[in-house]
$ cat structure_4.txt   # compact mmCIF, C-alpha atoms
# COMPACT_ATOMS: atom_id res chain seq x y z
CA MET A 141 13.39 21.46 16.20
CA SER A 142 12.65 24.99 15.03
CA ASP A 143 9.02 25.80 14.36
CA ASN A 144 9.66 29.20 12.83
CA LEU A 145 7.55 30.68 10.06
CA ILE A 146 9.49 30.81 6.79
CA ILE A 147 8.48 33.24 4.05
CA ALA A 148 10.58 33.80 0.94
CA GLY A 149 13.51 32.06 2.60
CA LYS A 150 13.52 34.16 5.78
CA GLU A 151 12.66 32.79 9.22
CA TYR A 152 10.38 34.54 11.70
CA ASN A 153 9.76 33.66 15.33
CA SER A 154 6.27 35.18 15.35
CA ARG A 155 3.37 33.86 13.30
CA LEU A 156 1.34 37.01 13.94
CA LEU A 157 1.49 39.66 11.21
CA VAL A 158 -0.02 43.05 11.98
CA GLY A 159 -1.12 46.14 10.13
CA SER A 160 -0.11 49.71 10.84
CA GLY A 161 -3.32 51.60 10.08
CA LYS A 162 -6.36 52.79 12.04
CA TYR A 163 -4.51 53.65 15.26
CA LYS A 164 -5.18 57.02 16.88
CA ASP A 165 -1.56 58.12 16.46
CA LEU A 166 1.93 56.83 15.69
CA ASN A 167 2.76 56.30 19.35
CA GLU A 168 -0.15 53.90 19.76
CA THR A 169 0.98 52.16 16.57
CA LYS A 170 4.43 51.73 18.08
CA LEU A 171 3.20 50.44 21.45
CA ALA A 172 0.67 47.99 19.98
CA THR A 173 3.21 46.66 17.50
CA GLU A 174 5.70 46.09 20.30
CA ALA A 175 3.07 44.34 22.43
CA SER A 176 2.18 42.01 19.54
CA GLU A 177 5.84 40.96 19.14
CA SER A 178 5.09 40.69 15.43
CA GLU A 179 8.05 40.84 13.08
CA ILE A 180 6.18 41.55 9.83
CA ILE A 181 4.29 44.84 9.62
CA THR A 182 2.08 45.57 6.63
CA VAL A 183 1.88 49.14 5.31
CA ALA A 184 -0.65 50.56 2.85
CA ILE A 185 1.60 52.45 0.44
CA ARG A 186 -1.24 54.50 -1.04
CA ARG A 187 -2.39 55.70 2.40
CA THR A 188 0.70 55.82 4.59
CA ASN A 189 3.76 58.01 4.41
CA ILE A 190 7.00 56.03 4.44
CA GLY A 191 9.04 58.75 2.83
CA GLN A 192 6.88 59.94 -0.06
CA ASP A 193 6.22 63.24 1.76
CA GLU A 194 9.06 64.64 3.85
CA ASN A 195 6.68 67.15 5.43
CA GLU A 196 4.45 64.48 6.98
CA PRO A 197 5.18 62.12 9.92
CA ASN A 198 6.98 59.04 8.67
CA LEU A 199 5.71 55.65 9.87
CA LEU A 200 9.24 54.27 9.61
CA ASP A 201 10.29 56.57 12.45
CA VAL A 202 8.33 54.35 14.87
CA ILE A 203 8.29 51.07 12.91
CA SER A 204 11.93 50.79 11.94
CA PRO A 205 12.93 48.60 8.97
CA GLU A 206 16.00 47.68 11.01
CA LYS A 207 13.78 45.95 13.57
CA TYR A 208 10.78 44.83 11.49
CA THR A 209 10.15 43.41 8.05
CA ILE A 210 8.05 46.06 6.32
CA LEU A 211 5.39 44.48 4.12
CA PRO A 212 4.12 47.07 1.62
CA ASN A 213 0.59 46.32 0.46
CA THR A 214 -1.54 47.50 -2.42
CA ALA A 215 -4.67 48.35 -0.42
CA GLY A 216 -6.92 50.64 -2.42
CA CYS A 217 -6.00 49.17 -5.82
CA TYR A 218 -8.82 47.92 -8.01
CA ASN A 219 -6.87 46.71 -11.04
CA ALA A 220 -3.63 44.92 -11.78
CA LYS A 221 -1.95 47.95 -13.35
CA ASP A 222 -2.31 50.10 -10.22
CA ALA A 223 -1.25 47.25 -7.94
CA VAL A 224 1.92 46.55 -9.92
CA ARG A 225 2.79 50.24 -10.03
CA THR A 226 2.29 50.53 -6.26
CA CYS A 227 4.61 47.59 -5.60
CA ARG A 228 7.29 49.11 -7.78
CA LEU A 229 6.96 52.41 -5.92
CA ALA A 230 7.37 50.54 -2.63
CA ARG A 231 10.49 48.82 -3.91
CA GLU A 232 11.96 52.18 -4.82
CA LEU A 233 11.07 53.77 -1.47
CA LEU A 234 12.46 50.80 0.49
CA ASP A 235 15.76 50.48 -1.39
CA GLY A 236 15.01 47.40 -3.45
CA HIS A 237 12.78 45.60 -0.94
CA SER A 238 11.08 42.73 -2.80
CA LEU A 239 8.55 41.31 -0.31
CA VAL A 240 5.07 42.73 -0.94
CA LYS A 241 1.46 41.97 -0.12
CA LEU A 242 -0.72 42.02 -3.20
CA GLU A 243 -4.40 42.80 -2.91
CA VAL A 244 -6.56 43.83 -5.84
CA LEU A 245 -10.07 44.67 -4.69
CA GLY A 246 -13.30 44.02 -6.56
CA ASP A 247 -15.60 46.67 -5.08
CA GLU A 248 -15.74 49.22 -2.27
CA LYS A 249 -18.65 47.63 -0.42
CA THR A 250 -17.28 44.14 0.26
CA LEU A 251 -13.56 44.70 -0.46
CA TYR A 252 -13.62 41.21 -1.89
CA PRO A 253 -10.64 40.40 -4.11
CA ASN A 254 -10.90 40.75 -7.87
CA ILE A 255 -9.44 37.37 -8.72
CA THR A 256 -8.98 37.99 -12.43
CA GLU A 257 -6.90 41.11 -11.80
CA THR A 258 -5.12 39.47 -8.86
CA LEU A 259 -3.89 36.62 -11.06
CA ILE A 260 -2.64 39.06 -13.70
CA ALA A 261 -0.82 41.21 -11.14
CA ALA A 262 0.66 38.21 -9.30
CA ASP A 263 2.10 36.80 -12.51
CA GLU A 264 3.65 40.13 -13.52
CA LEU A 265 5.11 40.80 -10.07
CA VAL A 266 6.63 37.34 -9.70
CA ASN A 267 8.22 37.68 -13.13
CA ASP A 268 9.59 41.07 -12.05
CA GLY A 269 11.42 39.54 -9.10
CA PHE A 270 8.97 40.28 -6.28
CA ASP A 271 8.22 37.89 -3.42
CA VAL A 272 4.44 38.08 -3.42
CA MET A 273 2.17 37.39 -0.49
CA VAL A 274 -1.28 37.49 -2.00
CA TYR A 275 -4.74 38.27 -0.58
CA THR A 276 -7.44 36.09 -2.11
CA ASN A 277 -10.83 34.54 -1.43
CA ASP A 278 -11.23 31.14 0.22
CA ASP A 279 -11.43 29.22 -3.07
CA PRO A 280 -8.98 26.26 -2.97
CA ILE A 281 -8.61 26.25 -6.78
CA VAL A 282 -7.64 29.91 -6.89
CA ALA A 283 -5.25 29.46 -3.97
CA LYS A 284 -3.48 26.62 -5.77
CA ARG A 285 -3.23 28.66 -8.97
CA LEU A 286 -1.60 31.53 -7.08
CA GLU A 287 0.89 29.08 -5.61
CA GLU A 288 1.64 27.72 -9.10
CA ILE A 289 2.30 31.25 -10.34
CA GLY A 290 5.05 31.46 -7.74
CA CYS A 291 3.58 33.46 -4.84
CA ALA A 292 5.59 33.20 -1.63
CA ALA A 293 2.46 32.93 0.54
CA VAL A 294 -1.27 32.70 -0.07
CA MET A 295 -3.57 34.73 2.19
CA PRO A 296 -7.23 33.68 2.05
CA LEU A 297 -9.76 35.88 3.81
CA ALA A 298 -11.49 34.60 6.93
CA SER A 299 -14.39 36.99 6.28
CA LEU A 300 -14.83 40.55 5.01
CA ILE A 301 -11.96 42.97 5.63
CA GLY A 302 -12.46 44.89 8.86
CA SER A 303 -15.70 43.06 9.69
CA GLY A 304 -14.51 41.15 12.76
CA GLN A 305 -16.81 38.27 11.79
CA GLY A 306 -14.20 35.59 12.35
CA ILE A 307 -13.68 32.54 10.14
CA GLY A 308 -16.77 32.19 7.99
CA ASN A 309 -15.79 29.06 6.08
CA PRO A 310 -13.28 26.94 8.03
CA ALA A 311 -13.84 23.96 5.74
CA ASN A 312 -12.49 25.84 2.74
CA ILE A 313 -9.52 27.19 4.69
CA LYS A 314 -8.73 23.61 5.69
CA LEU A 315 -8.91 22.47 2.06
CA ILE A 316 -6.50 25.20 1.03
CA ILE A 317 -4.05 24.22 3.78
CA GLU A 318 -4.15 20.53 2.87
CA GLU A 319 -3.07 21.20 -0.73
CA ALA A 320 -0.57 23.99 -0.13
CA GLN A 321 3.21 23.86 -0.43
CA VAL A 322 3.62 27.51 0.59
CA PRO A 323 2.59 29.27 3.83
CA ILE A 324 -1.13 29.87 4.22
CA ILE A 325 -1.85 32.99 6.26
CA VAL A 326 -5.40 33.96 7.12
CA ASP A 327 -6.00 37.59 6.23
CA ALA A 328 -9.06 39.73 7.01
CA GLY A 329 -12.05 39.25 9.29
CA ILE A 330 -10.38 38.28 12.57
CA GLY A 331 -12.18 39.95 15.47
CA CYS A 332 -10.88 38.51 18.72
CA ALA A 333 -8.26 36.21 20.18
CA SER A 334 -10.38 33.07 19.83
CA ASP A 335 -10.69 33.72 16.07
CA ALA A 336 -6.90 33.84 15.79
CA ALA A 337 -6.48 30.66 17.83
CA LYS A 338 -9.06 28.88 15.68
CA ALA A 339 -7.19 29.83 12.50
CA MET A 340 -3.99 28.40 13.92
CA GLU A 341 -5.75 25.23 15.10
CA LEU A 342 -6.94 24.68 11.54
CA GLY A 343 -3.28 24.51 10.55
CA CYS A 344 -2.70 27.99 9.17
CA ASP A 345 0.92 29.10 9.15
CA GLY A 346 0.05 32.54 10.45
CA VAL A 347 -2.59 35.25 10.77
CA LEU A 348 -2.53 38.86 9.59
CA MET A 349 -4.76 41.40 11.29
CA ASN A 350 -5.16 45.14 11.77
CA SER A 351 -8.69 46.22 12.74
CA ALA A 352 -9.05 43.60 15.48
CA ILE A 353 -6.17 45.23 17.34
CA ALA A 354 -6.38 48.87 16.28
CA LEU A 355 -10.14 49.19 16.90
CA ALA A 356 -10.20 47.39 20.24
CA ASN A 357 -10.99 49.45 23.33
CA ASP A 358 -7.42 48.78 24.44
CA PRO A 359 -5.29 48.11 21.34
CA ILE A 360 -2.13 47.41 23.31
CA LYS A 361 -3.78 44.79 25.51
CA MET A 362 -5.50 43.25 22.47
CA ALA A 363 -2.16 43.05 20.65
CA SER A 364 -0.79 41.06 23.57
CA ALA A 365 -3.89 38.83 23.60
CA MET A 366 -3.46 38.09 19.89
CA LYS A 367 0.19 37.20 20.44
CA HIS A 368 -0.78 34.61 23.05
CA ALA A 369 -3.70 33.31 20.95
CA ILE A 370 -1.42 32.63 18.00
CA ILE A 371 1.07 30.77 20.20
CA ALA A 372 -1.68 28.73 21.92
CA GLY A 373 -3.41 27.89 18.64
CA ARG A 374 -0.17 26.74 17.04
CA GLU A 375 0.75 24.55 20.02
CA SER A 376 -2.74 23.08 20.07
CA TYR A 377 -2.48 22.23 16.36
CA LEU A 378 0.93 20.62 16.79
CA ALA A 379 -0.21 18.68 19.87
CA GLY A 380 -3.21 17.22 18.03
CA ARG A 381 -6.65 17.42 19.57
CA MET A 382 -8.46 14.43 21.02
CA MET A 383 -11.05 12.70 18.88
CA LYS A 384 -14.62 13.88 19.25
CA LYS A 385 -16.97 11.26 20.63
CA ALA A 386 -20.72 10.85 20.67
CA PHE A 387 -20.64 9.48 24.22
CA ALA A 388 -19.19 10.30 27.62
CA SER A 389 -15.87 8.91 28.78
CA ALA A 390 -14.84 9.16 32.43
CA SER A 391 -11.60 10.99 33.08
CA SER A 392 -10.60 8.58 35.85
CA PRO A 393 -10.20 4.79 35.50
CA MET A 394 -13.22 2.71 36.51
CA GLU A 395 -11.11 -0.19 37.92
CA ASN A 396 -10.59 -0.64 41.67
CA LEU A 397 -13.35 1.74 42.70
CA ILE A 398 -13.88 2.03 46.46
$ encode --input "structure_4.txt" --output "structure tokens"
Amino acid sequence: MSDNLIIAGKEYNSRLLVGSGKYKDLNETKLATEASESEIITVAIRRTNIGQDENEPNLLDVISPEKYTILPNTAGCYNAKDAVRTCRLARELLDGHSLVKLEVLGDEKTLYPNITETLIAADELVNDGFDVMVYTNDDPIVAKRLEEIGCAAVMPLASLIGSGQGIGNPANIKLIIEEAQVPIIVDAGIGCASDAAKAMELGCDGVLMNSAIALANDPIKMASAMKHAIIAGRESYLAGRMMKKAFASASSPMENLI
């Protein structure tokens, strides 16, 4: 049976979603993206040229929409109005593309989501025909509300954006997963391959990351490591781990000992 990730009715082989920022140049972006084998690439519309300026290098020249699903995001927006406007600009630039990543930030220090503005923006975007993947905190009640609004995927943070701290509250992520009827994709805070594998072992449908790859000493090798971590974590989750015990249990049978 297929175990593909399905978002807004489209199937993806890879459960690793990657960002396109923070690399030293577009060539490194291209090589790391290829090494990750990701199929969904998120792009900060307010910071990245995808055709707004014909005099600047265009990201789409190395990350082709014919090969990848481009996921425009609203990074840098601090209110619902700006986020909605940014999504509409992305739809215009990408010829009617409806899949977007919504993030409405609360402050510049923590980059925590502003939930009040996120809920307002999500509702407006869904009603305007967008397929919304939404960045949020790890509150199970908020996650469920975003699902009820009609978001295509809910993306709780693992820890602070760009911090590399890993999954700070796995219990809450697990609670969100248990109640969800849409894909749950951990977003923000992943630092290394073991963090990604842990997210998948919790039962997440996927992981989105940028800094963990782009800021590694060797981004291309780290992209490959993350690809394998996602696959291993998913297989581990599907296999089902052994029960933890408070006592030892010999690996070999005790009967017929010599």
$ atom_distance --input "structure_4.txt" --atom1 "atom CA of Lys284 of chain A" --atom2 "atom CA of Ala262 of chain A"
12.8 Å
$ closest_atom_pairs --input "structure_4.txt" --of "segment 274-377 of chain A" --to "segment 212-223 of chain A" --cutoff "12 Å" --atoms "only C-alpha atoms" --output "Markdown table"
| residue | atom | partner | partner_atom | distance |
| --- | --- | --- | --- | --- |
| A:Val274 | CA | A:Asn213 | CA | 9.4 |
| A:Tyr275 | CA | A:Asn213 | CA | 9.7 |
| A:Ile301 | CA | A:Ala215 | CA | 10.9 |
$ closest_residue --input "structure_4.txt" --among "A:Ile203, A:Ile289, A:Ile210, A:Ala388" --to "Leu265 of chain A" --atoms "only C-alpha atoms"
A:Ile289
$ closest_residue --input "structure_4.txt" --among "A:Val347, A:Leu286, A:Val294, A:Ile353" --to "Ile317 of chain A" --atoms "all atoms listed in the file"
A:Val294
$ residues_around --input "structure_4.txt" --residues "segment 155-167 of chain A" --least-positions-apart "5" --cutoff "6 Å" --atoms "all atoms listed in the file" --output "list in words"
Ser178, Ile180, Ile181, Thr182, Val183, Gly346, Val347, Leu348, Met349, Asn350 and Ala354 of chain A
$ closest_residue --input "structure_4.txt" --among "A:Thr226, A:Thr169, A:Ser176, A:Ser154" --to "Lys361 of chain A" --atoms "all atoms listed in the file"
A:Ser176
$ closest_residue --input "structure_4.txt" --among "A:Ile185, A:Ile281, A:Met366, A:Met340" --to "Ile325 of chain A" --atoms "all atoms listed in the file"
A:Met340
$ closest_residue --input "structure_4.txt" --among "A:Asp335, A:Asp345, A:Asp263, A:Glu194" --to "Asn144 of chain A" --atoms "all atoms listed in the file"
A:Asp345
$ atom_distance --input "structure_4.txt" --atom1 "atom CA of Thr250 of chain A" --atom2 "atom CA of Gly302 of chain A"
9.9 Å
$ residues_around --input "structure_4.txt" --residues "Gly304 of chain A" --least-positions-apart "3" --cutoff "8 Å" --atoms "all atoms listed in the file" --output "list in words"
Ser299, Leu300, Ile301, Gly329, Ile330, Gly331, Cys332, Ser351 and Ala352 of chain A
$ atom_distance --input "structure_4.txt" --atom1 "atom CA of Pro296 of chain A" --atom2 "atom CA of Thr276 of chain A"
4.8 Å
$ closest_residue --input "structure_4.txt" --among "A:Val282, A:Ala184, A:Leu242, A:Leu229" --to "Ile255 of chain A" --atoms "all atoms listed in the file"
A:Val282
$ residues_around --input "structure_4.txt" --residues "Glu206 of chain A" --least-positions-apart "4" --cutoff "12 Å" --atoms "all atoms listed in the file" --output "NGL selection string"
:A and (179-180 or 200-202 or 210 or 234)
